[in-house]
>>> print(open('input03.txt').read())   # compact mmCIF, C-alpha atoms
# COMPACT_ATOMS: atom_id res chain seq x y z
CA MET A 1 -7.99 -68.52 -41.98
CA SER A 2 -4.30 -69.10 -42.67
CA VAL A 3 -1.63 -69.10 -39.98
CA LYS A 4 -0.16 -65.95 -41.49
CA TRP A 5 -3.52 -64.16 -41.55
CA THR A 6 -4.01 -65.09 -37.88
CA ALA A 7 -0.55 -63.79 -37.07
CA LEU A 8 -1.36 -60.51 -38.81
CA ALA A 9 -4.65 -60.16 -36.98
CA LEU A 10 -2.88 -60.68 -33.67
CA SER A 11 -0.17 -58.21 -34.64
CA LEU A 12 -2.71 -55.58 -35.61
CA SER A 13 -4.73 -56.19 -32.45
CA THR A 14 -1.61 -55.75 -30.35
CA ALA A 15 -0.87 -52.47 -32.11
CA LEU A 16 -4.36 -51.27 -31.28
CA ILE A 17 -4.08 -52.26 -27.63
CA PHE A 18 -0.90 -50.25 -27.30
CA ALA A 19 -2.43 -47.34 -29.20
CA GLY A 20 -5.47 -47.30 -26.95
CA CYS A 21 -3.34 -47.27 -23.82
CA SER A 22 -0.94 -44.66 -25.13
CA ASN A 23 -0.56 -41.51 -23.11
CA SER A 24 0.79 -39.66 -26.11
CA ALA A 25 -1.93 -40.33 -28.67
CA ASP A 26 -3.27 -36.82 -28.23
CA THR A 27 -0.19 -34.80 -28.96
CA ASN A 28 -2.14 -31.58 -28.51
CA LYS A 29 -3.22 -32.32 -24.94
CA GLU A 30 -0.27 -33.89 -23.19
CA GLU A 31 3.38 -33.13 -23.75
CA THR A 32 6.08 -35.67 -23.05
CA SER A 33 8.12 -34.65 -20.02
CA LYS A 34 11.53 -33.11 -20.64
CA LYS A 35 13.21 -36.13 -19.12
CA GLU A 36 11.37 -38.59 -21.35
CA SER A 37 12.00 -36.39 -24.38
CA THR A 38 15.71 -36.28 -23.62
CA GLU A 39 15.86 -40.05 -23.17
CA LYS A 40 14.12 -40.62 -26.49
CA LYS A 41 16.45 -38.18 -28.22
CA VAL A 42 19.51 -39.99 -26.90
CA GLU A 43 18.03 -43.37 -27.80
CA ASN A 44 17.12 -42.34 -31.34
CA GLU A 45 19.88 -39.83 -32.06
CA SER A 46 21.86 -42.02 -34.44
CA ALA A 47 18.72 -43.34 -36.10
CA GLU A 48 17.46 -39.80 -36.67
CA LYS A 49 20.77 -38.88 -38.34
CA GLU A 50 20.56 -41.86 -40.65
CA ALA A 51 16.87 -41.49 -41.47
CA ALA A 52 15.96 -40.62 -45.04
CA SER A 53 14.86 -37.08 -45.80
CA PRO A 54 11.10 -36.42 -45.77
CA GLU A 55 11.10 -36.11 -49.55
CA ALA A 56 12.97 -39.41 -49.96
CA SER A 57 10.65 -41.16 -47.51
CA VAL A 58 7.54 -39.96 -49.34
CA GLN A 59 8.99 -41.01 -52.69
CA ALA A 60 9.90 -44.44 -51.30
CA TYR A 61 6.34 -44.85 -50.06
CA LYS A 62 4.97 -43.89 -53.49
CA ASP A 63 7.34 -46.32 -55.22
CA ALA A 64 6.25 -49.16 -52.94
CA VAL A 65 2.56 -48.38 -53.45
CA ALA A 66 3.08 -48.25 -57.23
CA GLU A 67 4.49 -51.77 -57.16
CA LEU A 68 1.70 -53.03 -54.89
CA GLU A 69 -0.86 -51.38 -57.18
CA LYS A 70 -0.08 -54.05 -59.79
CA ALA A 71 -2.24 -56.44 -57.75
CA LYS A 72 -5.37 -54.49 -58.70
CA GLU A 73 -4.53 -55.09 -62.36
CA GLY A 74 -4.10 -58.81 -61.81
CA LYS A 75 -0.32 -58.58 -62.23
CA GLU A 76 2.34 -60.21 -60.08
CA VAL A 77 3.68 -57.98 -57.29
CA ASP A 78 7.41 -58.03 -56.58
CA PHE A 79 7.15 -58.29 -52.81
CA ASP A 80 10.93 -58.54 -52.46
CA LYS A 81 11.19 -55.11 -54.06
CA VAL A 82 8.51 -53.62 -51.79
CA THR A 83 10.04 -55.19 -48.69
CA LYS A 84 13.49 -53.86 -49.64
CA ILE A 85 12.08 -50.35 -50.10
CA TYR A 86 10.31 -50.57 -46.76
CA GLU A 87 13.24 -51.96 -44.81
CA GLU A 88 15.84 -49.59 -46.27
CA GLN A 89 13.87 -46.35 -46.48
CA LEU A 90 10.73 -46.44 -44.34
CA GLN A 91 11.06 -48.93 -41.51
CA GLU A 92 13.23 -46.72 -39.31
CA LEU A 93 10.64 -43.94 -39.51
CA VAL A 94 7.86 -46.36 -38.53
CA LYS A 95 9.91 -47.78 -35.64
CA GLN A 96 10.55 -44.29 -34.33
CA ARG A 97 6.83 -43.51 -34.34
CA ASP A 98 6.07 -46.87 -32.73
CA ALA A 99 8.42 -45.97 -29.88
CA GLU A 100 7.01 -42.46 -29.57
CA PHE A 101 3.31 -43.37 -29.66
CA ASP A 102 3.46 -46.81 -27.98
CA GLU A 103 2.24 -48.66 -31.06
CA GLN A 104 3.37 -51.66 -33.10
CA ILE A 105 2.71 -50.67 -36.68
CA ASP A 106 6.05 -51.99 -37.94
CA PRO A 107 5.19 -55.63 -37.04
CA ALA A 108 1.81 -55.19 -38.72
CA ILE A 109 3.37 -53.92 -41.95
CA THR A 110 6.16 -56.49 -42.07
CA THR A 111 3.74 -59.35 -41.36
CA ALA A 112 1.39 -58.14 -44.09
CA LEU A 113 4.22 -57.94 -46.63
CA ALA A 114 5.42 -61.42 -45.72
CA ALA A 115 1.86 -62.77 -46.03
CA GLY A 116 1.57 -61.19 -49.46
CA LYS A 117 4.85 -62.70 -50.62
CA ASN A 118 3.79 -66.15 -49.38
CA LYS A 119 0.40 -65.74 -51.09
CA GLU A 120 -1.34 -66.24 -47.77
CA MET A 121 -3.08 -62.89 -48.04
CA ASP A 122 -4.64 -61.26 -51.09
CA ALA A 123 -2.08 -58.85 -52.53
CA VAL A 124 -4.79 -56.21 -52.97
CA ILE A 125 -5.50 -56.31 -49.23
CA VAL A 126 -1.78 -56.08 -48.49
CA LYS A 127 -1.60 -53.01 -50.72
CA GLN A 128 -4.42 -51.30 -48.84
CA LEU A 129 -2.95 -52.10 -45.42
CA PHE A 130 0.53 -50.91 -46.40
CA ASP A 131 -0.76 -47.78 -48.11
CA LYS A 132 -3.09 -46.60 -45.35
CA LEU A 133 -0.88 -47.59 -42.42
CA MET A 134 2.01 -45.67 -43.98
CA GLN A 135 -0.30 -42.66 -44.38
CA LYS A 136 -1.00 -42.96 -40.66
CA GLU A 137 2.74 -42.95 -39.96
CA PHE A 138 3.29 -39.84 -42.08
CA PHE A 139 0.44 -38.16 -40.20
CA GLN A 140 2.03 -39.16 -36.89
CA THR A 141 5.37 -37.86 -38.13
CA MET A 142 3.77 -34.51 -38.88
CA ARG A 143 2.57 -34.47 -35.28
CA HIS A 144 6.10 -35.36 -34.19
CA GLU A 145 7.45 -32.37 -36.10
CA PHE A 146 4.83 -30.08 -34.56
CA ALA A 147 5.87 -31.28 -31.09
CA GLU A 148 9.50 -30.58 -32.00
CA ILE A 149 8.52 -27.05 -33.01
CA ASP A 150 6.87 -26.50 -29.64
CA GLU A 151 10.01 -27.75 -27.91
CA HIS A 152 12.41 -25.64 -29.96
CA TRP A 153 10.28 -22.50 -30.08
CA GLY A 154 12.56 -19.49 -30.06
CA ASP A 155 15.13 -21.06 -32.38
CA LYS A 156 13.61 -19.75 -35.60
CA GLU A 157 15.99 -21.57 -37.95
CA GLU A 158 15.40 -24.95 -36.28
CA VAL A 159 11.65 -24.39 -36.07
CA MET A 160 11.38 -23.41 -39.73
CA GLU A 161 13.29 -26.54 -40.74
CA GLU A 162 10.87 -28.72 -38.77
CA TYR A 163 7.92 -26.87 -40.27
CA GLU A 164 9.22 -27.57 -43.78
CA GLU A 165 9.67 -31.24 -42.90
CA ALA A 166 6.07 -31.44 -41.70
CA GLN A 167 4.94 -29.90 -45.00
CA ALA A 168 6.98 -32.45 -46.94
CA PHE A 169 5.47 -35.36 -45.01
CA TYR A 170 2.00 -33.96 -45.71
CA THR A 171 2.48 -34.59 -49.44
CA ALA A 172 2.15 -38.32 -48.71
CA VAL A 173 -1.47 -37.88 -47.58
CA GLN A 174 -2.43 -34.94 -49.78
CA GLY A 175 -3.91 -37.24 -52.42
CA THR A 176 -6.29 -38.70 -49.83
CA VAL A 177 -7.40 -35.18 -48.90
CA GLN A 178 -8.03 -34.37 -52.55
CA LYS A 179 -10.07 -37.54 -53.07
CA ARG A 180 -12.29 -36.78 -50.09
CA ASP A 181 -12.76 -33.18 -51.26
CA ALA A 182 -13.88 -34.49 -54.64
CA ALA A 183 -16.25 -37.02 -53.07
CA TYR A 184 -17.85 -34.73 -50.48
CA GLY A 185 -17.51 -31.27 -52.02
CA THR A 186 -15.39 -30.12 -49.07
CA LYS A 187 -12.42 -27.76 -49.19
CA MET A 188 -10.08 -29.51 -46.77
CA GLU A 189 -7.03 -29.10 -48.99
CA ASP A 190 -7.55 -25.33 -48.90
CA ALA A 191 -8.07 -25.41 -45.13
CA ILE A 192 -4.83 -27.33 -44.62
CA ALA A 193 -2.93 -24.98 -46.92
CA GLY A 194 -4.33 -22.08 -44.90
CA GLY A 195 -3.27 -23.73 -41.66
CA PHE A 196 0.27 -24.19 -42.92
CA SER A 197 0.38 -20.57 -44.09
CA GLU A 198 -0.79 -19.42 -40.67
CA MET A 199 1.91 -21.51 -39.00
CA LYS A 200 4.65 -20.13 -41.24
CA ALA A 201 3.58 -16.53 -40.62
CA ALA A 202 3.42 -17.25 -36.88
CA ILE A 203 6.97 -18.65 -36.89
CA GLU A 204 8.24 -15.57 -38.68
CA LYS A 205 6.46 -13.29 -36.20
CA GLU A 206 7.33 -15.55 -33.23
CA ASP A 207 3.63 -15.72 -32.34
CA LYS A 208 3.26 -19.08 -30.60
CA LEU A 209 -0.51 -18.82 -30.12
CA ALA A 210 -1.07 -18.21 -33.82
CA PHE A 211 1.16 -21.17 -34.57
CA GLY A 212 -0.90 -23.36 -32.24
CA LEU A 213 -4.14 -22.30 -33.89
CA GLY A 214 -2.78 -23.03 -37.37
CA LYS A 215 -1.47 -26.39 -36.21
CA GLN A 216 -4.90 -27.38 -34.95
CA VAL A 217 -6.45 -26.57 -38.32
CA VAL A 218 -3.99 -28.87 -40.09
CA ASP A 219 -4.21 -31.66 -37.51
CA LYS A 220 -7.98 -31.77 -37.14
CA THR A 221 -8.63 -31.32 -40.86
CA LEU A 222 -6.50 -34.39 -41.50
CA MET A 223 -8.50 -36.25 -38.86
CA LYS A 224 -11.63 -35.18 -40.70
CA THR A 225 -10.14 -36.55 -43.92
CA PHE A 226 -9.61 -39.96 -42.34
CA TYR A 227 -13.12 -39.89 -40.85
CA LEU A 228 -14.69 -39.09 -44.21
CA ALA A 229 -12.70 -41.95 -45.73
CA ALA A 230 -13.65 -44.48 -43.07
CA GLY A 231 -17.09 -43.79 -41.63
CA ALA A 232 -18.90 -40.82 -43.13
CA LYS A 233 -21.96 -41.17 -45.31
CA PRO A 234 -22.34 -41.88 -48.18
CA HIS A 235 -18.77 -42.42 -49.40
CA GLY A 236 -16.99 -43.91 -46.36
CA TYR A 237 -15.63 -47.43 -46.50
CA ALA A 238 -18.16 -48.67 -43.96
CA THR A 239 -20.90 -47.89 -46.47
CA LYS A 240 -18.88 -49.12 -49.45
CA LEU A 241 -18.05 -52.49 -47.91
CA SER A 242 -21.63 -52.98 -46.72
CA GLU A 243 -22.91 -52.46 -50.26
CA ALA A 244 -20.19 -54.63 -51.79
CA ALA A 245 -20.91 -57.45 -49.32
CA LYS A 246 -24.33 -57.95 -50.95
CA THR A 247 -22.75 -59.20 -54.18
CA ASP A 248 -18.97 -59.58 -53.79
CA ALA A 249 -17.55 -60.69 -50.44
CA GLU A 250 -13.95 -60.52 -51.71
CA GLU A 251 -14.31 -56.90 -52.79
CA ALA A 252 -16.01 -56.12 -49.48
CA LYS A 253 -13.04 -57.61 -47.60
CA VAL A 254 -10.64 -55.34 -49.48
CA GLU A 255 -12.77 -52.33 -48.60
CA GLN A 256 -12.97 -53.46 -44.99
CA ALA A 257 -9.17 -53.50 -44.91
CA GLU A 258 -9.11 -49.98 -46.34
CA GLY A 259 -11.62 -48.75 -43.78
CA TRP A 260 -9.76 -50.45 -40.94
CA ALA A 261 -6.43 -48.99 -41.99
CA PHE A 262 -7.82 -45.47 -42.47
CA TYR A 263 -9.45 -45.70 -39.05
CA GLN A 264 -6.08 -46.30 -37.38
CA SER A 265 -5.18 -42.63 -37.88
CA VAL A 266 -8.17 -41.61 -35.76
CA TYR A 267 -8.61 -44.54 -33.39
CA PRO A 268 -6.02 -43.64 -30.68
CA TYR A 269 -7.50 -40.14 -30.25
CA LEU A 270 -11.07 -41.43 -30.21
CA LYS A 271 -10.18 -44.31 -27.88
CA LYS A 272 -8.66 -41.90 -25.39
CA ASN A 273 -11.63 -39.55 -25.34
CA ALA A 274 -14.67 -41.70 -26.24
CA PRO A 275 -13.59 -45.31 -25.66
CA GLU A 276 -16.94 -47.05 -26.08
CA ASP A 277 -17.66 -45.32 -29.37
CA ALA A 278 -14.11 -45.99 -30.57
CA ASP A 279 -14.49 -49.71 -29.90
CA ASP A 280 -17.92 -49.86 -31.52
CA ILE A 281 -16.27 -48.68 -34.74
CA LEU A 282 -13.29 -50.96 -34.35
CA LYS A 283 -15.51 -54.02 -33.98
CA GLN A 284 -17.19 -53.24 -37.30
CA PHE A 285 -13.90 -52.76 -39.15
CA ASP A 286 -12.11 -55.69 -37.47
CA LEU A 287 -10.59 -57.80 -40.23
CA GLU A 288 -12.09 -60.92 -38.66
CA THR A 289 -15.62 -59.49 -38.67
CA ASP A 290 -17.94 -60.95 -41.29
CA VAL A 291 -18.38 -58.22 -43.91
CA LYS A 292 -22.07 -59.08 -44.22
CA SER A 293 -22.61 -58.10 -40.58
CA VAL A 294 -21.04 -54.63 -40.89
CA ASP A 295 -23.58 -51.87 -40.28
CA PRO A 296 -22.49 -48.47 -41.66
CA GLU A 297 -25.08 -46.71 -39.47
CA VAL A 298 -23.43 -48.11 -36.35
CA VAL A 299 -20.06 -46.86 -37.56
CA ASN A 300 -21.33 -43.43 -38.55
CA LYS A 301 -23.30 -42.79 -35.37
CA ALA A 302 -20.40 -43.90 -33.18
CA PHE A 303 -18.14 -41.41 -34.96
CA VAL A 304 -20.70 -38.63 -34.51
CA ARG A 305 -21.20 -39.40 -30.80
CA GLY A 306 -17.48 -39.67 -30.23
CA PHE A 307 -16.56 -36.40 -31.93
CA ALA A 308 -19.45 -34.55 -30.26
CA LYS A 309 -18.24 -35.80 -26.86
CA ILE A 310 -14.71 -34.66 -27.68
CA ALA A 311 -16.02 -31.22 -28.65
CA LEU A 312 -17.80 -30.98 -25.29
CA HIS A 313 -14.56 -31.92 -23.54
CA GLU A 314 -12.65 -29.25 -25.46
CA TYR A 315 -15.09 -26.60 -24.27
CA GLU A 316 -14.70 -27.78 -20.68
CA GLU A 317 -10.94 -27.45 -21.05
CA SER A 318 -11.29 -24.05 -22.67
CA THR A 319 -13.40 -22.82 -19.77
CA GLU A 320 -10.82 -24.07 -17.26
CA ASN A 321 -8.02 -22.41 -19.21
CA PHE A 322 -9.83 -19.19 -20.10
CA GLY A 323 -7.44 -16.26 -20.12
CA LYS A 324 -4.46 -18.57 -20.61
CA GLU A 325 -2.67 -19.43 -23.85
CA LYS A 326 -4.41 -22.80 -24.08
CA GLY A 327 -7.90 -21.31 -23.82
CA PRO A 328 -8.21 -20.38 -27.52
CA ILE A 329 -6.46 -23.62 -28.52
CA TYR A 330 -9.16 -25.70 -26.85
CA ALA A 331 -11.81 -23.40 -28.31
CA ILE A 332 -10.62 -23.92 -31.88
CA GLU A 333 -10.42 -27.66 -31.27
CA GLY A 334 -14.06 -27.65 -30.21
CA ALA A 335 -15.00 -25.77 -33.38
CA LEU A 336 -12.95 -28.13 -35.55
CA PHE A 337 -14.55 -31.24 -34.08
CA ILE A 338 -17.94 -29.72 -34.82
CA ASN A 339 -16.78 -29.05 -38.35
CA MET A 340 -15.58 -32.65 -38.60
CA ILE A 341 -19.18 -33.90 -38.54
CA GLU A 342 -20.81 -30.95 -40.28
CA SER A 343 -22.67 -33.06 -42.84
CA ASP A 344 -23.96 -35.38 -40.11
CA LEU A 345 -25.12 -32.42 -38.02
CA LYS A 346 -27.26 -31.18 -40.90
CA GLU A 347 -28.99 -34.55 -40.99
CA ILE A 348 -29.43 -34.80 -37.21
CA LEU A 349 -30.25 -31.17 -36.37
CA GLY A 350 -31.42 -29.74 -39.67
CA GLU A 351 -29.66 -27.13 -41.77
CA ARG A 352 -30.58 -24.15 -39.60
CA GLU A 353 -29.64 -25.55 -36.19
CA ALA A 354 -26.42 -27.02 -37.60
CA ALA A 355 -25.51 -23.60 -39.01
CA ASP A 356 -26.35 -21.98 -35.67
CA LEU A 357 -24.05 -24.44 -33.88
CA ALA A 358 -21.16 -23.70 -36.24
CA ALA A 359 -21.71 -19.96 -35.82
CA ALA A 360 -21.78 -20.31 -32.03
CA ALA A 361 -18.52 -22.26 -32.13
CA GLN A 362 -16.89 -19.49 -34.16
CA SER A 363 -18.25 -16.79 -31.83
CA TYR A 364 -16.96 -18.66 -28.80
CA LEU A 365 -13.52 -18.94 -30.42
CA GLU A 366 -13.44 -15.19 -31.08
CA ALA A 367 -14.46 -14.54 -27.47
CA ALA A 368 -11.70 -16.85 -26.21
CA LYS A 369 -9.09 -15.16 -28.41
CA ALA A 370 -10.24 -11.75 -27.15
CA ASN A 371 -10.33 -13.00 -23.54
CA ASN A 372 -13.96 -11.89 -23.35
CA LYS A 373 -15.28 -14.23 -20.68
CA GLU A 374 -18.63 -12.51 -20.37
CA GLU A 375 -19.38 -13.13 -24.05
CA ALA A 376 -18.01 -16.69 -23.91
CA ASP A 377 -20.21 -17.51 -20.92
CA LYS A 378 -23.29 -16.43 -22.91
CA ILE A 379 -22.43 -18.73 -25.80
CA LEU A 380 -21.22 -21.82 -23.95
CA PRO A 381 -24.61 -23.11 -22.64
CA LYS A 382 -26.05 -23.22 -26.17
CA LEU A 383 -23.00 -25.06 -27.45
CA GLU A 384 -23.21 -27.65 -24.69
CA GLU A 385 -26.97 -28.07 -25.02
CA THR A 386 -26.78 -28.68 -28.77
CA LEU A 387 -23.80 -31.03 -28.58
CA ASN A 388 -25.48 -33.10 -25.86
CA LYS A 389 -28.53 -33.27 -28.10
CA VAL A 390 -26.35 -34.61 -30.92
CA VAL A 391 -24.90 -37.30 -28.64
CA GLU A 392 -28.39 -38.45 -27.66
CA GLN A 393 -29.84 -38.40 -31.16
CA ALA A 394 -26.88 -40.28 -32.61
CA LYS A 395 -27.54 -43.34 -30.45
>>> encode(input="input03.txt", output="structure tokens")
Amino acid sequence: MSVKWTALALSLSTALIFAGCSNSADTNKEETSKKESTEKKVENESAEKEAASPEASVQAYKDAVAELEKAKEGKEVDFDKVTKIYEEQLQELVKQRDAEFDEQIDPAITTALAAGKNKEMDAVIVKQLFDKLMQKEFFQTMRHEFAEIDEHWGDKEEVMEEYEEAQAFYTAVQGTVQKRDAAYGTKMEDAIAGGFSEMKAAIEKEDKLAFGLGKQVVDKTLMKTFYLAAGAKPHGYATKLSEAAKTDAEEAKVEQAEGWAFYQSVYPYLKKNAPEDADDILKQFDLETDVKSVDPEVVNKAFVRGFAKIALHEYEESTENFGKEKGPIYAIEGALFINMIESDLKEILGEREAADLAAAAQSYLEAAKANNKEEADKILPKLEETLNKVVEQAK
């Protein structure tokens, strides 16, 4: 292992440590205090003014990836060009998210680019790390915009501007959504479009609850996208790299890098709510782990356990907040985490019980929205029983 590769591994590990300890990884559960928010605004005010527009940032990302893509064709990559694009048009955005979410993605990206230039890391691996880590940052920036909307609710012009920025940043990850839809036969792109439409209508009607529900659809559907890319069966990178490792260790290493980088968009949330499962996955994707030892079943089952545990937690929170604005928000989160592992649930529970669970989640959501506690209390025990069953059977 080269010195530069070791430096990158340490940089990435540090980023993960900070991500795991972050109190702001779950932007839908905990809001930054007004004092902290004000301090960050003052600190980043000039940087925000100088930052590129969302459209320019997305285009810069696409230009950099297009140059890095040459590596897959066996062509020489102009790393000076990519580094210049990153430093002039993307780095400030990444630094802002690092500060906001207590991560160190900028050092990881800059170290990877330097390693590629010095030919101390395969350029194809550098491409995958840059591409997927930037997708993570665009996803985090969408969450940043959603938090800004919550803070500025009531100022319709400001809120609509932030909504449009979130939509623009989404275009950077839309291709990944489309690829997963094609691979799994899902309709996540439609779900996200519907979520954005619901948010826009809610802003126009000044209906904050409806906005929150639409936001959850977008946020959790993107999390599902990254899960399907990293650890779902049969098309996730855990499975792909395991198969590749049988005949081509170099190809497997590239796919491990892709899986690792995709996982970073989900890891902080999973680490906060299901730490053991989150670390089981991380160990498999760790860039220093021998690709021949990666077990896609371990990865998949840890994801299923983790998301099922999070769904259970959401229903606990919904019960505690029943009758309040957050009650339906937690209820839809529970339903969306169930949806996240819908294909796995069919395998674990069977088609009928999996369908019954999804139907119960929807019924509970409707009861929460209608503030019908009697109906919700009838549904909740079945939800909890089935989700606990999933946790046990996914061990």
>>> residues_around(input="input03.txt", residues="region 136-151 of chain A", least_positions_apart="4", cutoff="9 Å", atoms="only C-alpha atoms", output="PyMOL selection string")
chain A and resi 27-28+31+58+93-94+97-98+100-101+105+131-132+155+158-160+162-163+165-170+172-173+208+212+215+219+222+261-262+264-266
>>> residues_around(input="input03.txt", residues="region 177-194 of chain A", least_positions_apart="6", cutoff="9 Å", atoms="all atoms listed in the file", output="JSON, numbers by chain")
{"A": [214, 217, 218, 219, 221, 222, 224, 225, 226, 228, 229, 234, 235]}
>>> atom_distance(input="input03.txt", atom1="CA of Ala257 (chain A)", atom2="CA of Lys240 (chain A)")
11.6 Å
>>> closest_residue(input="input03.txt", among="A:Gly231, A:Gly259, A:Pro268, A:Gly334", to="Ala302 (chain A)", atoms="all atoms listed in the file")
A:Gly231
>>> atom_distance(input="input03.txt", atom1="CA of Tyr61 (chain A)", atom2="CA of Val77 (chain A)")
15.2 Å
>>> atom_distance(input="input03.txt", atom1="CA of Asn118 (chain A)", atom2="CA of Asp248 (chain A)")
24.1 Å
>>> closest_atom_pairs(input="input03.txt", of="region 115-173 of chain A", to="region 277-296 of chain A", cutoff="12 Å", atoms="only C-alpha atoms", output="JSON lines")
{"residue": "A:Met121", "atom": "CA", "partner": "A:Leu287", "partner_atom": "CA", "distance": 12.0}
{"residue": "A:Ile125", "atom": "CA", "partner": "A:Leu287", "partner_atom": "CA", "distance": 10.4}
{"residue": "A:Leu129", "atom": "CA", "partner": "A:Leu287", "partner_atom": "CA", "distance": 10.9}
>>> write_last_selection(input="input03.txt", atoms="C-alpha atoms", output="mmCIF file, in the frame of the given file")
data_model
loop_
_atom_site.group_PDB
_atom_site.id
_atom_site.type_symbol
_atom_site.label_atom_id
_atom_site.label_comp_id
_atom_site.auth_asym_id
_atom_site.auth_seq_id
_atom_site.Cartn_x
_atom_site.Cartn_y
_atom_site.Cartn_z
ATOM 1 C CA MET A 121 -3.080 -62.890 -48.040
ATOM 2 C CA ILE A 125 -5.500 -56.310 -49.230
ATOM 3 C CA LEU A 129 -2.950 -52.100 -45.420
#
>>> residues_around(input="input03.txt", residues="Ala376 (chain A)", least_positions_apart="4", cutoff="9 Å", atoms="all atoms listed in the file", output="ChimeraX atom specification")
/A:319,363-368,371-372,380
>>> residues_around(input="input03.txt", residues="Lys81 (chain A)", least_positions_apart="2", cutoff="12 Å", atoms="only C-alpha atoms", output="ChimeraX atom specification")
/A:60,63-68,76-79,83-89,113-114,117
>>> write_last_selection(input="input03.txt", atoms="C-alpha atoms", output="PDB file, in the coordinates of the input")
ATOM      1  CA  ALA A  60       9.900 -44.440 -51.300  1.00  0.00           C
ATOM      2  CA  ASP A  63       7.340 -46.320 -55.220  1.00  0.00           C
ATOM      3  CA  ALA A  64       6.250 -49.160 -52.940  1.00  0.00           C
ATOM      4  CA  VAL A  65       2.560 -48.380 -53.450  1.00  0.00           C
ATOM      5  CA  ALA A  66       3.080 -48.250 -57.230  1.00  0.00           C
ATOM      6  CA  GLU A  67       4.490 -51.770 -57.160  1.00  0.00           C
ATOM      7  CA  LEU A  68       1.700 -53.030 -54.890  1.00  0.00           C
ATOM      8  CA  GLU A  76       2.340 -60.210 -60.080  1.00  0.00           C
ATOM      9  CA  VAL A  77       3.680 -57.980 -57.290  1.00  0.00           C
ATOM     10  CA  ASP A  78       7.410 -58.030 -56.580  1.00  0.00           C
ATOM     11  CA  PHE A  79       7.150 -58.290 -52.810  1.00  0.00           C
ATOM     12  CA  THR A  83      10.040 -55.190 -48.690  1.00  0.00           C
ATOM     13  CA  LYS A  84      13.490 -53.860 -49.640  1.00  0.00           C
ATOM     14  CA  ILE A  85      12.080 -50.350 -50.100  1.00  0.00           C
ATOM     15  CA  TYR A  86      10.310 -50.570 -46.760  1.00  0.00           C
ATOM     16  CA  GLU A  87      13.240 -51.960 -44.810  1.00  0.00           C
ATOM     17  CA  GLU A  88      15.840 -49.590 -46.270  1.00  0.00           C
ATOM     18  CA  GLN A  89      13.870 -46.350 -46.480  1.00  0.00           C
ATOM     19  CA  LEU A 113       4.220 -57.940 -46.630  1.00  0.00           C
ATOM     20  CA  ALA A 114       5.420 -61.420 -45.720  1.00  0.00           C
ATOM     21  CA  LYS A 117       4.850 -62.700 -50.620  1.00  0.00           C
TER      22      LYS A 117
END
>>> residues_around(input="input03.txt", residues="Ala232 (chain A)", least_positions_apart="6", cutoff="9 Å", atoms="only C-alpha atoms", output="count of residues only")
9
>>> closest_residue(input="input03.txt", among="A:Lys62, A:Phe337, A:Pro275, A:Gly323", to="Gly175 (chain A)", atoms="only C-alpha atoms")
A:Lys62
>>> axis_aligned_box(input="input03.txt", around="region 378-383 of chain A", padding_each_side="4 Å", output="AutoDock Vina command-line options")
--center_x -23.6 --center_y -20.7 --center_z -25.0 --size_x 12.8 --size_y 16.6 --size_z 12.8
>>> closest_residue(input="input03.txt", among="A:Asp122, A:Glu92, A:Glu392, A:Glu206", to="Ala71 (chain A)", atoms="only C-alpha atoms")
A:Asp122
>>> closest_residue(input="input03.txt", among="A:Val298, A:Leu357, A:Ala123, A:Met199", to="Glu69 (chain A)", atoms="all atoms listed in the file")
A:Ala123
>>> residues_near_point(input="input03.txt", point="(-29.0, -37.7, -38.3)", cutoff="10 Å", atoms="only C-alpha atoms", output="ChimeraX atom specification")
/A:297,300-301,304,343-350,390,393-395
>>> closest_residue(input="input03.txt", among="A:Val391, A:Leu383, A:Ala202, A:Ala354", to="Glu316 (chain A)", atoms="all atoms listed in the file")
A:Leu383
>>> decode(input="input03.txt", residues="region 164-169 of chain A", atoms="N, CA, C and O atoms", output="CSV table (one decimal), in the first residue's frame")
chain,number,residue,atom,x,y,z
A,164,GLU,N,-36.3,25.7,-5.1
A,164,GLU,CA,-35.8,25.6,-6.4
A,164,GLU,C,-34.3,25.2,-6.4
A,164,GLU,O,-33.9,24.4,-7.3
A,165,GLU,N,-33.6,25.7,-5.5
A,165,GLU,CA,-32.2,25.3,-5.3
A,165,GLU,C,-32.0,23.8,-5.0
A,165,GLU,O,-31.2,23.1,-5.6
A,166,ALA,N,-32.9,23.3,-4.1
A,166,ALA,CA,-32.8,21.9,-3.8
A,166,ALA,C,-33.2,21.0,-5.0
A,166,ALA,O,-32.5,20.0,-5.2
A,167,GLN,N,-34.1,21.5,-5.8
A,167,GLN,CA,-34.5,20.8,-7.0
A,167,GLN,C,-33.3,20.7,-8.0
A,167,GLN,O,-33.0,19.7,-8.6
A,168,ALA,N,-32.6,21.9,-8.1
A,168,ALA,CA,-31.4,21.9,-9.0
A,168,ALA,C,-30.3,21.0,-8.5
A,168,ALA,O,-29.7,20.3,-9.3
A,169,PHE,N,-30.1,20.9,-7.2
A,169,PHE,CA,-29.0,20.1,-6.7
A,169,PHE,C,-29.4,18.6,-6.9
A,169,PHE,O,-28.5,17.7,-7.1
